[in-house]
Structure formats: C-alpha cells, structure tokens
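Have a look at run39.tsv below; it lists TSV, C-alpha atoms.
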chain	number	residue	atom	x	y	z
A	1	MET	CA	-0.44	-24.41	9.64
A	2	ARG	CA	-2.75	-23.10	12.33
A	3	PHE	CA	-4.58	-20.63	10.07
A	4	GLY	CA	-7.98	-21.80	8.90
A	5	THR	CA	-10.32	-19.15	7.56
A	6	ILE	CA	-8.56	-16.00	6.41
A	7	GLY	CA	-10.38	-12.69	6.75
A	8	VAL	CA	-9.74	-9.79	4.38
A	9	VAL	CA	-10.81	-6.36	5.61
A	10	GLY	CA	-11.42	-4.00	2.70
A	11	GLY	CA	-13.31	-4.50	-0.56
A	12	GLY	CA	-11.29	-2.13	-2.70
A	13	ALA	CA	-9.11	-3.28	-5.57
A	14	TRP	CA	-6.23	-4.66	-3.50
A	15	GLY	CA	-8.38	-6.30	-0.83
A	16	THR	CA	-10.62	-7.94	-3.43
A	17	ALA	CA	-7.59	-9.12	-5.39
A	18	LEU	CA	-5.95	-10.70	-2.35
A	19	ALA	CA	-9.21	-12.42	-1.45
A	20	CYS	CA	-9.56	-13.70	-5.02
A	21	SER	CA	-6.01	-15.06	-4.94
A	22	LEU	CA	-6.61	-16.90	-1.67
A	23	ALA	CA	-9.93	-18.33	-2.85
A	24	THR	CA	-8.44	-19.41	-6.18
A	25	ALA	CA	-5.70	-21.25	-4.26
A	26	GLY	CA	-8.41	-23.15	-2.37
A	27	LYS	CA	-8.10	-21.28	0.91
A	28	SER	CA	-11.12	-20.59	3.08
A	29	CYS	CA	-11.51	-16.83	2.80
A	30	ARG	CA	-14.04	-14.18	3.83
A	31	LEU	CA	-14.03	-10.60	2.49
A	32	TRP	CA	-15.49	-7.60	4.31
A	33	ALA	CA	-16.43	-4.53	2.28
A	34	TYR	CA	-17.58	-1.22	3.70
A	35	GLU	CA	-19.87	-0.47	0.76
A	36	THR	CA	-23.07	-2.52	0.95
A	37	GLU	CA	-23.53	-2.14	-2.80
A	38	THR	CA	-20.15	-3.81	-3.32
A	39	VAL	CA	-21.20	-6.72	-1.13
A	40	ARG	CA	-24.47	-7.12	-3.03
A	41	GLU	CA	-22.73	-7.02	-6.39
A	42	ILE	CA	-20.22	-9.67	-5.38
A	43	GLU	CA	-22.98	-11.88	-3.99
A	44	ASP	CA	-25.27	-11.46	-7.00
A	45	HIS	CA	-22.87	-11.13	-9.93
A	46	ARG	CA	-19.40	-12.19	-8.65
A	47	THR	CA	-17.94	-8.87	-9.83
A	48	ASN	CA	-16.64	-5.66	-8.24
A	49	ARG	CA	-16.93	-3.25	-11.15
A	50	VAL	CA	-16.21	-0.05	-9.21
A	51	PHE	CA	-12.91	-1.13	-7.68
A	52	LEU	CA	-11.74	-4.15	-9.71
A	53	PRO	CA	-13.45	-4.23	-13.13
A	54	ASN	CA	-13.22	-7.08	-15.63
A	55	VAL	CA	-12.43	-9.67	-12.96
A	56	THR	CA	-14.64	-12.64	-12.06
A	57	ILE	CA	-14.68	-13.32	-8.32
A	58	PRO	CA	-14.46	-17.01	-7.33
A	59	ASP	CA	-17.68	-18.62	-6.14
A	60	ASN	CA	-15.96	-19.97	-2.99
A	61	LEU	CA	-15.12	-16.46	-1.71
A	62	GLY	CA	-17.50	-15.39	1.05
A	63	VAL	CA	-18.36	-11.70	1.42
A	64	THR	CA	-19.97	-9.72	4.23
A	65	ALA	CA	-20.91	-6.18	5.19
A	66	LYS	CA	-20.59	-6.97	8.92
A	67	LEU	CA	-17.12	-6.34	10.28
A	68	SER	CA	-17.86	-8.64	13.22
A	69	ASP	CA	-18.06	-11.54	10.74
A	70	ILE	CA	-14.29	-11.27	10.32
A	71	ALA	CA	-13.57	-11.54	14.04
A	72	ASP	CA	-13.52	-15.36	14.13
A	73	CYS	CA	-11.00	-15.70	11.27
A	74	SER	CA	-7.65	-17.08	12.40
A	75	LEU	CA	-5.61	-14.75	10.18
A	76	ILE	CA	-6.75	-11.25	9.19
A	77	LEU	CA	-5.44	-9.21	6.27
A	78	LEU	CA	-6.05	-5.48	6.71
A	79	VAL	CA	-6.59	-3.68	3.40
A	80	PRO	CA	-8.59	-0.52	4.12
A	81	PRO	CA	-7.29	2.89	3.03
A	82	ALA	CA	-4.33	3.69	5.27
A	83	GLN	CA	-6.02	6.77	6.70
A	84	HIS	CA	-8.93	4.66	8.01
A	85	LEU	CA	-6.90	1.76	9.39
A	86	GLY	CA	-6.96	2.91	13.00
A	87	ARG	CA	-10.70	3.46	13.11
A	88	ILE	CA	-11.58	0.15	11.47
A	89	VAL	CA	-9.13	-1.97	13.47
A	90	GLY	CA	-10.23	-0.22	16.66
A	91	GLU	CA	-13.76	-1.40	16.00
A	92	LEU	CA	-12.67	-4.89	14.96
A	93	SER	CA	-10.27	-5.40	17.87
A	94	ARG	CA	-13.10	-5.41	20.41
A	95	SER	CA	-14.13	-8.83	19.06
A	96	LEU	CA	-10.68	-10.41	18.67
A	97	ASP	CA	-8.75	-12.74	20.93
A	98	ARG	CA	-4.99	-12.30	21.35
A	99	THR	CA	-3.92	-15.07	18.98
A	100	GLN	CA	-5.08	-13.65	15.65
A	101	PRO	CA	-2.29	-12.00	13.66
A	102	LEU	CA	-3.17	-8.79	11.85
A	103	VAL	CA	-1.39	-8.39	8.51
A	104	VAL	CA	-1.34	-4.80	7.27
A	105	CYS	CA	-1.59	-4.80	3.48
A	106	ALA	CA	-2.34	-1.08	3.13
A	107	LYS	CA	0.55	1.15	2.08
A	108	GLY	CA	0.83	4.57	3.59
A	109	ILE	CA	1.55	6.77	6.60
A	110	GLU	CA	-1.23	8.16	8.78
A	111	ARG	CA	-1.44	11.83	7.88
A	112	ALA	CA	-3.15	12.99	11.07
A	113	SER	CA	-0.41	11.65	13.33
A	114	ASN	CA	2.59	11.16	10.97
A	115	ARG	CA	2.85	7.57	12.19
A	116	LEU	CA	3.69	4.37	10.38
A	117	LEU	CA	0.78	1.95	10.31
A	118	GLY	CA	2.45	-0.40	12.77
A	119	ASP	CA	2.45	2.40	15.33
A	120	VAL	CA	-1.25	2.94	14.64
A	121	LEU	CA	-1.87	-0.76	15.36
A	122	ASP	CA	0.08	-0.47	18.60
A	123	ASP	CA	-2.54	2.00	19.79
A	124	VAL	CA	-5.75	0.32	18.66
A	125	ALA	CA	-4.83	-3.40	18.89
A	126	PRO	CA	-1.76	-3.64	21.15
A	127	SER	CA	-2.24	-7.31	22.00
A	128	GLN	CA	-2.44	-8.65	18.45
A	129	PRO	CA	0.60	-10.07	16.61
A	130	GLN	CA	1.51	-7.82	13.67
A	131	ALA	CA	2.84	-8.37	10.17
A	132	PHE	CA	3.08	-6.28	7.01
A	133	LEU	CA	2.65	-7.38	3.40
A	134	SER	CA	4.08	-5.38	0.51
A	135	GLY	CA	5.77	-5.69	-2.86
A	136	PRO	CA	5.31	-5.05	-6.59
A	137	SER	CA	1.79	-6.21	-7.35
A	138	PHE	CA	-1.02	-4.59	-9.27
A	139	ALA	CA	-4.39	-5.76	-8.02
A	140	ALA	CA	-5.56	-6.86	-11.46
A	141	ASP	CA	-2.50	-9.10	-11.88
A	142	VAL	CA	-3.04	-10.76	-8.51
A	143	ALA	CA	-6.76	-11.24	-9.11
A	144	ARG	CA	-6.09	-12.84	-12.50
A	145	ASN	CA	-3.58	-15.26	-10.95
A	146	ARG	CA	-0.57	-13.83	-12.78
A	147	PRO	CA	2.89	-14.41	-11.22
A	148	VAL	CA	3.89	-11.97	-8.47
A	149	ALA	CA	6.40	-11.87	-5.62
A	150	LEU	CA	5.79	-10.16	-2.28
A	151	THR	CA	7.43	-9.75	1.12
A	152	VAL	CA	5.86	-10.16	4.54
A	153	GLY	CA	7.56	-8.46	7.47
A	154	SER	CA	7.18	-9.57	11.08
A	155	ASP	CA	9.28	-9.12	14.22
A	156	ASP	CA	8.61	-12.81	14.79
A	157	GLU	CA	10.28	-14.50	11.83
A	158	ASP	CA	8.54	-17.81	12.53
A	159	LEU	CA	5.21	-16.01	12.28
A	160	GLY	CA	6.35	-14.25	9.13
A	161	GLU	CA	7.29	-17.55	7.54
A	162	GLU	CA	3.98	-19.13	8.54
A	163	ILE	CA	2.01	-16.23	7.07
A	164	ALA	CA	4.08	-16.33	3.88
A	165	ARG	CA	3.44	-20.04	3.43
A	166	THR	CA	-0.26	-19.59	4.20
A	167	ILE	CA	-0.99	-16.83	1.69
A	168	GLY	CA	1.56	-17.95	-0.89
A	169	SER	CA	0.59	-20.06	-3.88
A	170	PRO	CA	2.19	-21.38	-7.07
A	171	ARG	CA	1.53	-17.96	-8.64
A	172	MET	CA	2.29	-15.83	-5.58
A	173	ARG	CA	5.79	-16.22	-4.19
A	174	VAL	CA	6.08	-14.70	-0.71
A	175	TYR	CA	9.35	-13.99	1.09
A	176	TRP	CA	9.64	-12.95	4.73
A	177	THR	CA	11.82	-10.61	6.78
A	178	SER	CA	12.05	-9.29	10.33
A	179	ASP	CA	12.49	-5.72	9.05
A	180	THR	CA	8.97	-4.41	9.55
A	181	ILE	CA	10.07	-0.78	9.23
A	182	GLY	CA	11.63	-1.38	5.83
A	183	VAL	CA	8.53	-3.14	4.51
A	184	GLN	CA	6.29	-0.29	5.70
A	185	VAL	CA	8.51	2.54	4.46
A	186	GLY	CA	9.05	1.07	1.00
A	187	GLY	CA	5.34	0.56	0.39
A	188	ALA	CA	4.47	4.06	1.58
A	189	VAL	CA	7.22	6.17	0.03
A	190	LYS	CA	6.97	4.64	-3.44
A	191	ASN	CA	3.48	6.12	-3.77
A	192	VAL	CA	4.85	9.64	-3.34
A	193	LEU	CA	7.62	9.03	-5.85
A	194	ALA	CA	5.11	7.58	-8.33
A	195	ILE	CA	3.25	10.90	-8.39
A	196	ALA	CA	6.53	12.59	-9.31
A	197	ALA	CA	7.23	9.99	-11.99
A	198	GLY	CA	3.75	10.53	-13.40
A	199	ILE	CA	4.35	14.27	-13.65
A	200	VAL	CA	7.54	13.62	-15.61
A	201	ASP	CA	5.61	11.29	-17.90
A	202	GLY	CA	2.69	13.66	-18.30
A	203	LEU	CA	5.00	16.51	-19.27
A	204	GLU	CA	6.74	14.22	-21.78
A	205	LEU	CA	10.15	15.07	-20.34
A	206	GLY	CA	11.58	11.82	-21.70
A	207	ALA	CA	12.91	8.47	-20.53
A	208	SER	CA	16.17	10.00	-19.29
A	209	ALA	CA	14.34	12.31	-16.91
A	210	HIS	CA	12.14	9.42	-15.77
A	211	ALA	CA	15.17	7.25	-15.00
A	212	ALA	CA	16.86	10.09	-13.12
A	213	LEU	CA	13.73	10.77	-11.07
A	214	VAL	CA	13.26	7.12	-10.09
A	215	THR	CA	16.94	6.69	-9.21
A	216	ARG	CA	17.13	9.83	-7.08
A	217	GLY	CA	13.75	8.90	-5.62
A	218	PHE	CA	15.18	5.57	-4.51
A	219	ALA	CA	18.06	7.43	-2.84
A	220	GLU	CA	15.45	9.51	-1.02
A	221	MET	CA	13.59	6.37	0.03
A	222	ARG	CA	16.81	4.92	1.44
A	223	ARG	CA	17.65	8.10	3.38
A	224	PHE	CA	14.16	8.28	4.81
A	225	GLY	CA	13.92	4.59	5.62
A	226	THR	CA	17.33	4.16	7.24
A	227	ALA	CA	16.72	7.24	9.40
A	228	LEU	CA	13.61	5.49	10.76
A	229	GLY	CA	15.43	2.19	11.31
A	230	ALA	CA	14.89	0.28	8.05
A	231	ARG	CA	17.59	-1.99	6.67
A	232	PRO	CA	19.08	-1.00	3.28
A	233	GLU	CA	18.71	-4.52	1.91
A	234	THR	CA	14.95	-4.43	2.59
A	235	LEU	CA	14.60	-1.10	0.79
A	236	GLY	CA	16.56	-2.60	-2.10
A	237	GLY	CA	14.22	-5.61	-2.22
A	238	LEU	CA	10.67	-6.33	-3.33
A	239	SER	CA	8.91	-4.04	-0.86
A	240	GLY	CA	11.18	-1.10	-1.72
A	241	LEU	CA	12.92	-0.95	-5.07
A	242	GLY	CA	10.68	-3.60	-6.62
A	243	ASP	CA	7.46	-1.79	-5.76
A	244	LEU	CA	9.01	1.54	-6.76
A	245	LEU	CA	9.86	0.27	-10.24
A	246	LEU	CA	6.38	-1.10	-10.77
A	247	THR	CA	4.48	1.89	-9.43
A	248	CYS	CA	6.61	4.43	-11.30
A	249	GLY	CA	6.42	2.48	-14.54
A	250	SER	CA	2.74	2.16	-15.37
A	251	PRO	CA	-0.37	4.37	-15.34
A	252	GLN	CA	-2.18	1.40	-13.79
A	253	SER	CA	-0.85	2.96	-10.59
A	254	ARG	CA	-3.35	5.43	-9.16
A	255	ASN	CA	-0.46	7.54	-7.90
A	256	MET	CA	1.35	7.65	-11.23
A	257	SER	CA	-1.88	8.37	-13.09
A	258	LEU	CA	-2.50	11.32	-10.75
A	259	GLY	CA	0.95	12.64	-11.58
A	260	ARG	CA	0.28	12.24	-15.29
A	261	ALA	CA	-2.94	14.21	-14.94
A	262	LEU	CA	-1.09	16.96	-13.11
A	263	GLY	CA	1.50	16.99	-15.87
A	264	HIS	CA	-1.33	17.46	-18.35
A	265	GLY	CA	-2.43	20.57	-16.50
A	266	LYS	CA	-5.25	19.20	-14.38
A	267	ILE	CA	-5.85	20.22	-10.76
A	268	ALA	CA	-5.27	17.61	-8.07
A	269	ALA	CA	-8.57	18.22	-6.27
A	270	ASP	CA	-10.53	17.72	-9.50
A	271	VAL	CA	-8.76	14.45	-10.32
A	272	LEU	CA	-9.10	13.07	-6.80
A	273	GLY	CA	-12.73	14.13	-6.52
A	274	ALA	CA	-13.66	12.07	-9.58
A	275	ARG	CA	-12.14	8.86	-8.17
A	276	ALA	CA	-13.82	6.17	-6.10
A	277	ALA	CA	-10.50	4.72	-4.95
A	278	VAL	CA	-8.01	6.45	-2.65
A	279	THR	CA	-4.69	7.80	-3.94
A	280	GLU	CA	-2.51	7.18	-0.88
A	281	GLY	CA	0.53	9.11	-2.10
A	282	VAL	CA	-1.26	12.42	-1.52
A	283	PHE	CA	-1.63	11.74	2.21
A	284	THR	CA	1.77	10.11	2.55
A	285	ALA	CA	3.53	13.07	0.92
A	286	SER	CA	2.24	15.36	3.64
A	287	ALA	CA	3.23	12.98	6.44
A	288	MET	CA	6.59	12.23	4.85
A	289	VAL	CA	7.50	15.91	4.63
A	290	SER	CA	6.61	16.43	8.30
A	291	ILE	CA	8.62	13.40	9.41
A	292	ALA	CA	11.59	14.44	7.26
A	293	LYS	CA	11.65	17.89	8.85
A	294	GLN	CA	11.37	16.41	12.33
A	295	HIS	CA	14.32	14.05	11.76
A	296	GLY	CA	16.43	16.31	9.56
A	297	ILE	CA	16.07	14.04	6.50
A	298	GLU	CA	16.68	15.49	3.04
A	299	ALA	CA	13.53	14.77	1.00
A	300	PRO	CA	13.36	17.25	-1.90
A	301	ILE	CA	11.19	15.12	-4.19
A	302	ALA	CA	8.58	14.49	-1.49
A	303	GLU	CA	8.58	18.20	-0.65
A	304	ALA	CA	8.04	19.10	-4.31
A	305	VAL	CA	5.21	16.58	-4.72
A	306	HIS	CA	3.47	17.82	-1.58
A	307	ALA	CA	3.75	21.46	-2.66
A	308	VAL	CA	2.39	20.71	-6.15
A	309	VAL	CA	-0.52	18.58	-4.91
A	310	GLU	CA	-1.50	21.20	-2.36
A	311	GLY	CA	-1.36	23.95	-5.00
A	312	GLU	CA	1.46	25.76	-3.22
A	313	LEU	CA	3.89	25.50	-6.12
A	314	ALA	CA	3.57	25.34	-9.89
A	315	ILE	CA	4.98	22.23	-11.53
A	316	SER	CA	7.50	24.29	-13.52
A	317	GLU	CA	8.74	25.89	-10.30
A	318	ALA	CA	9.01	22.51	-8.59
A	319	ILE	CA	11.07	21.08	-11.45
A	320	ASP	CA	13.33	24.13	-11.56
A	321	GLY	CA	13.83	23.89	-7.81
A	322	LEU	CA	14.93	20.26	-8.07
A	323	LEU	CA	17.26	20.83	-11.02
A	324	GLN	CA	18.86	23.91	-9.50
A	325	ARG	CA	19.82	22.27	-6.22
A	326	PRO	CA	23.55	22.53	-5.50
A	327	MET	CA	25.77	20.02	-7.30
A	328	LYS	CA	27.23	17.39	-4.99
A	329	SER	CA	28.89	13.99	-4.87
A	330	GLU	CA	26.52	11.12	-5.53
A	331	ASP	CA	28.10	9.31	-2.55

Once more with this new file: its structure as structure tokens, please.
Amino acid sequence: MRFGTIGVVGGGAWGTALACSLATAGKSCRLWAYETETVREIEDHRTNRVFLPNVTIPDNLGVTAKLSDIADCSLILLVPPAQHLGRIVGELSRSLDRTQPLVVCAKGIERASNRLLGDVLDDVAPSQPQAFLSGPSFAADVARNRPVALTVGSDDEDLGEEIARTIGSPRMRVYWTSDTIGVQVGGAVKNVLAIAAGIVDGLELGASAHAALVTRGFAEMRRFGTALGARPETLGGLSGLGDLLLTCGSPQSRNMSLGRALGHGKIAADVLGARAAVTEGVFTASAMVSIAKQHGIEAPIAEAVHAVVEGELAISEAIDGLLQRPMKSED
C-alpha cells in the first residue's frame, strides 16, 4: 500500500475515534483538532473529555493544532462538521499535491448551498482524489476497538479498495463501492430521520410507531437517494439502512437524543446551545427539504422534522399531518 502516515482532520468524537482505531492497529496517524485546549489535553493526559469521554487515546497517536501539519500525510480523512468542510479543506488544499486522496468521513449536506459534500470538494480541492466513508458506527465503539463494519465509496474502485484495506483492521471491516452518491446520501439522511425517531421515543408513542417511522423513513431515503443518482443496493447496505438502524435505535446518537428532548417538550435552540458537538441532522433537514422541492421528491418526514426544529410547527401538528396523509399503495 502506498499510504504511509494517515492524517485525520477534526478532533471531535468521530475524528478522534477514527484516529484511535488507526493508531491501535499500528498505523502511523496524526490528528488535527481545531480547539487548542483539545490538543493540549490529548498531549498531556491522552484524553478528549469534551468530545469523547472515558476513552484513553493511544500514546502513538500524534496530535497537532496546525492544519499544515496534515498536508504531508499520504491519506487524509476529513472529519470536521459538514458545514465547515469547504472552509477547512480550502485552507488545507493550498498545501497538498495532487496524489493525496481526501476521504470525507463527515455526514451531512451543506446547508448554505444544498450540495452534497463531494460537490463541495469539487469546488475547493478539484484536483484531489475523493472517497467517502460511512456506516453504522458510534464513535465510542470504534475508539474502544469494538467490532464495526463500514463502507468506503470511490469512483475509482481500486482506490476504494486500497483505502478500505488501509484503514480496515481485525475489528473494523471495511467494504467498498463505486456508488459515492449512495454513501453520501445514506449518511446524511439518516441523521434527519433519527431526529424523528427520537421524537417518537421521547413522546413514548411505542415500539410500533418507532418501527413504522424507521420503515417509512427508509422509503424516504430511497426516494431521495435514487432521485440524486444513488443505487438502491447501496441505500440498503451499511451506509444506508445499517446506519439508519443504529442512529434511530440509541440515544447515543446526537440526532436521536435531540429528538427525544423535543419529545419531552424542550426547545431545539436550548438543546443545541448547550452542546459542544454539532447535531448535523438539523442542517441536513433544511437542505434536504430544499433539494426535495427542487427535484419534486416526496419527503414528508424531513419536512416535518425541519418545521419542528425551526419552531414552525408543533410536534402534535407534525404527527397529525403525517398520519392524515392520503392512504396509498405501499408499492
């Protein structure tokens, strides 16, 4: 494999977890964090209590507050919040050569432009090879070396396979696909649906309602994804259905926990304001609704989530609106 040192851009929970996994597997890895206090804590205590508590960070993981320190890594994993990806990669790209693949590990859609993250990369780093990593994986599980399975998408399947074999380990099984749209859409849309699932859970509407919401949410994901060019089998795989089941099934998910809080009567702005980490589903819901309208895609759950989060609709009204939609064939 041609990849030597692997750079990880983003010291949040997911970026730190991926870096821990690579270091534990014996890979040469360097982590960049925006917050200087995070860098100091990792250097001094080998912990990241704000973003990834109760995890010991391997001694062989390097950490830096200088983004330019990542520029000489032969493979770069991009794990900033999705809304900041363009700005950060734009700065980083000035120091890159054209051989270093950029692997987007963030999950979301850019709210300001309603673009998938691959389209954002096309603007700010058009010469770099692209890939996208997604799948059902809580950061704490990955950091603690528990078994997970992920998918990497790349238009160049040979590159996708090489990346998968590079970042994979005995505890992290990585598949690859050429369907980059499907990998991106699954990872983004599941966050929106997890907010809805959390609302159902917070309102204690029962397991039947939860199952119905997740199933119809998956149908919405498929409609949205296929309209943008995703393959159904990708959406039914790890980066789609697999991630949806995980994120809608546990309050470990920031998106589901937001929904639960809303179901308990809390206001979205208050919940989000008290968090250090980003809840991507809020931004993606807005972008998803705009894209759905532009392409004529039916997305009632995303529309309801967006309206509730923005305070435009009461939860009871959103639920009534979904339940009172016209009956129709499931096909």

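If all atoms listed in the file are the atoms counted, then among A:Asp119, A:Glu310, A:Glu298, A:Asp243 the closest residue to Ala188 of chain A is A:Asp243.
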
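Nearest residue to Thr215 of chain A among A:Ile297, A:Cys248, A:Ala230, A:Leu85 is A:Cys248, counting only C-alpha atoms.
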
Item to complete: Report the distance between atom CA of Ser95 of chain A and atom CA of Leu67 of chain A in Å, rounded to one decimal place.
Response: 9.6 Å

Worksheet item: What's the 9 Å shell around Ala82 of chain A, counting only C-alpha atoms, without same-chain residues fewer than 4 positions away, as a VMD selection string?
Response: chain A and resid 86 106 to 110 117 280

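If you measure from each of A:Ala149, A:Glu204, A:His210, A:Ala227 to Gly182 of chain A using only C-alpha atoms, the closest one turns out to be A:Ala227.
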
List the neighbours of His45 of chain A out to 12 Å using all atoms listed in the file; skip same-chain residues closer than 5 positions along the sequence, and give me the result as a PDB file with C-alpha atoms, keeping the file's coordinate frame.
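Full text of around_27.pdb as output:
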ATOM      1  CA  GLU A  37     -23.530  -2.140  -2.800  1.00  0.00           C
ATOM      2  CA  THR A  38     -20.150  -3.810  -3.320  1.00  0.00           C
ATOM      3  CA  VAL A  39     -21.200  -6.720  -1.130  1.00  0.00           C
ATOM      4  CA  ARG A  40     -24.470  -7.120  -3.030  1.00  0.00           C
ATOM      5  CA  ASN A  54     -13.220  -7.080 -15.630  1.00  0.00           C
ATOM      6  CA  VAL A  55     -12.430  -9.670 -12.960  1.00  0.00           C
ATOM      7  CA  THR A  56     -14.640 -12.640 -12.060  1.00  0.00           C
ATOM      8  CA  ILE A  57     -14.680 -13.320  -8.320  1.00  0.00           C
ATOM      9  CA  PRO A  58     -14.460 -17.010  -7.330  1.00  0.00           C
ATOM     10  CA  ASP A  59     -17.680 -18.620  -6.140  1.00  0.00           C
TER      11      ASP A  59
END

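Closest approach to Glu162 of chain A among A:Pro232, A:Pro147, A:Pro101, A:Pro300: A:Pro101, based on only C-alpha atoms.
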
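Between atom CA of Val120 of chain A and atom CA of Leu78 of chain A lies a distance of 12.5 Å.
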
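In this comparison, which uses all atoms listed in the file, the residue of A:Val148, A:Ile70, A:Val189, A:Val89 approaching Thr284 of chain A most closely is A:Val189.
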
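Take the candidates A:Gly296, A:Val271, A:Thr24, A:Leu244 and check each one against Leu228 of chain A using all atoms listed in the file; the shortest distance goes to A:Gly296.
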
Worksheet entry | Ala261 of chain A surroundings by all atoms listed in the file, 12 Å radius, close-in-sequence under 3 positions cut, as an NGL selection string | :A and (195-204 or 251 or 254-258 or 264-272 or 309 or 315)

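Omitting Val308 of chain A and its sequence neighbours fewer than 3 positions away, and counting only C-alpha atoms, the residues within 10 Å are Ala196, Gly259, Leu262, Ile267, Ala268, Ala302, Glu303, Ala304, Val305, Gly311, Glu312, Leu313, Ala314, Ile315, Ser316, Glu317 and Ala318 of chain A.
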
Selection above as a file: C-alpha atoms, as a tab-separated table (two decimals), in the frame of the given file:
chain	number	residue	atom	x	y	z
A	196	ALA	CA	6.53	12.59	-9.31
A	259	GLY	CA	0.95	12.64	-11.58
A	262	LEU	CA	-1.09	16.96	-13.11
A	267	ILE	CA	-5.85	20.22	-10.76
A	268	ALA	CA	-5.27	17.61	-8.07
A	302	ALA	CA	8.58	14.49	-1.49
A	303	GLU	CA	8.58	18.20	-0.65
A	304	ALA	CA	8.04	19.10	-4.31
A	305	VAL	CA	5.21	16.58	-4.72
A	311	GLY	CA	-1.36	23.95	-5.00
A	312	GLU	CA	1.46	25.76	-3.22
A	313	LEU	CA	3.89	25.50	-6.12
A	314	ALA	CA	3.57	25.34	-9.89
A	315	ILE	CA	4.98	22.23	-11.53
A	316	SER	CA	7.50	24.29	-13.52
A	317	GLU	CA	8.74	25.89	-10.30
A	318	ALA	CA	9.01	22.51	-8.59

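Shell of Arg144 of chain A at 8 Å, with all atoms listed in the file counted and residues fewer than 3 places along the chain excluded, is A:Ser21, A:Val55, A:Ala140, A:Asp141.
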
Convert the current residue selection to file output with C-alpha atoms, as a JSON list (two decimals), keeping the file's coordinate frame.
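Ended up saving to part-v2.json:
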[["chain", "number", "residue", "atom", "x", "y", "z"],
["A", 21, "SER", "CA", -6.01, -15.06, -4.94],
["A", 55, "VAL", "CA", -12.43, -9.67, -12.96],
["A", 140, "ALA", "CA", -5.56, -6.86, -11.46],
["A", 141, "ASP", "CA", -2.50, -9.10, -11.88]]

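Our summary of the geometry notes that atom CA of Gly263 of chain A is positioned 14.1 Å from atom CA of Ala307 of chain A.
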
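All polymer residues at most 9 Å from (-8.4, -5.4, 11.6), using only C-alpha atoms, appear as Gly7, Val8, Val9, Leu67, Ile70, Ala71, Ile76, Leu77, Leu78, Val79, Pro80, Leu85, Gly86, Ile88, Val89, Gly90, Glu91, Leu92, Ser93, Leu96, Leu102, Val103, Val104, Leu121 and Ala125 of chain A.
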
Write the selection just made, keeping C-alpha atoms, as a short mmCIF file (atom, residue, chain, number, x, y, z; two decimals), in the coordinates of the input?
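Below is the file that was written, result.cif:
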data_model
loop_
_atom_site.label_atom_id
_atom_site.label_comp_id
_atom_site.auth_asym_id
_atom_site.auth_seq_id
_atom_site.Cartn_x
_atom_site.Cartn_y
_atom_site.Cartn_z
CA GLY A 7 -10.38 -12.69 6.75
CA VAL A 8 -9.74 -9.79 4.38
CA VAL A 9 -10.81 -6.36 5.61
CA LEU A 67 -17.12 -6.34 10.28
CA ILE A 70 -14.29 -11.27 10.32
CA ALA A 71 -13.57 -11.54 14.04
CA ILE A 76 -6.75 -11.25 9.19
CA LEU A 77 -5.44 -9.21 6.27
CA LEU A 78 -6.05 -5.48 6.71
CA VAL A 79 -6.59 -3.68 3.40
CA PRO A 80 -8.59 -0.52 4.12
CA LEU A 85 -6.90 1.76 9.39
CA GLY A 86 -6.96 2.91 13.00
CA ILE A 88 -11.58 0.15 11.47
CA VAL A 89 -9.13 -1.97 13.47
CA GLY A 90 -10.23 -0.22 16.66
CA GLU A 91 -13.76 -1.40 16.00
CA LEU A 92 -12.67 -4.89 14.96
CA SER A 93 -10.27 -5.40 17.87
CA LEU A 96 -10.68 -10.41 18.67
CA LEU A 102 -3.17 -8.79 11.85
CA VAL A 103 -1.39 -8.39 8.51
CA VAL A 104 -1.34 -4.80 7.27
CA LEU A 121 -1.87 -0.76 15.36
CA ALA A 125 -4.83 -3.40 18.89
#

Output as AutoDock Vina command-line options the centre and edge lengths (Å, one decimal) of the box along x, y and z of the file that holds every listed atom of segment 221-236 of chain A after adding 8 Å on each side.
--center_x 16.3 --center_y 1.9 --center_z 4.6 --size_x 21.5 --size_y 28.8 --size_z 29.4

Worksheet item: Counting all atoms listed in the file, which residues come within 7 Å of (1.4, -6.4, 6.0), with the point read in the file's coordinates, and could you list them as JSON, numbers by chain?
Response: {"A": [103, 104, 105, 131, 132, 133, 134, 152, 153]}
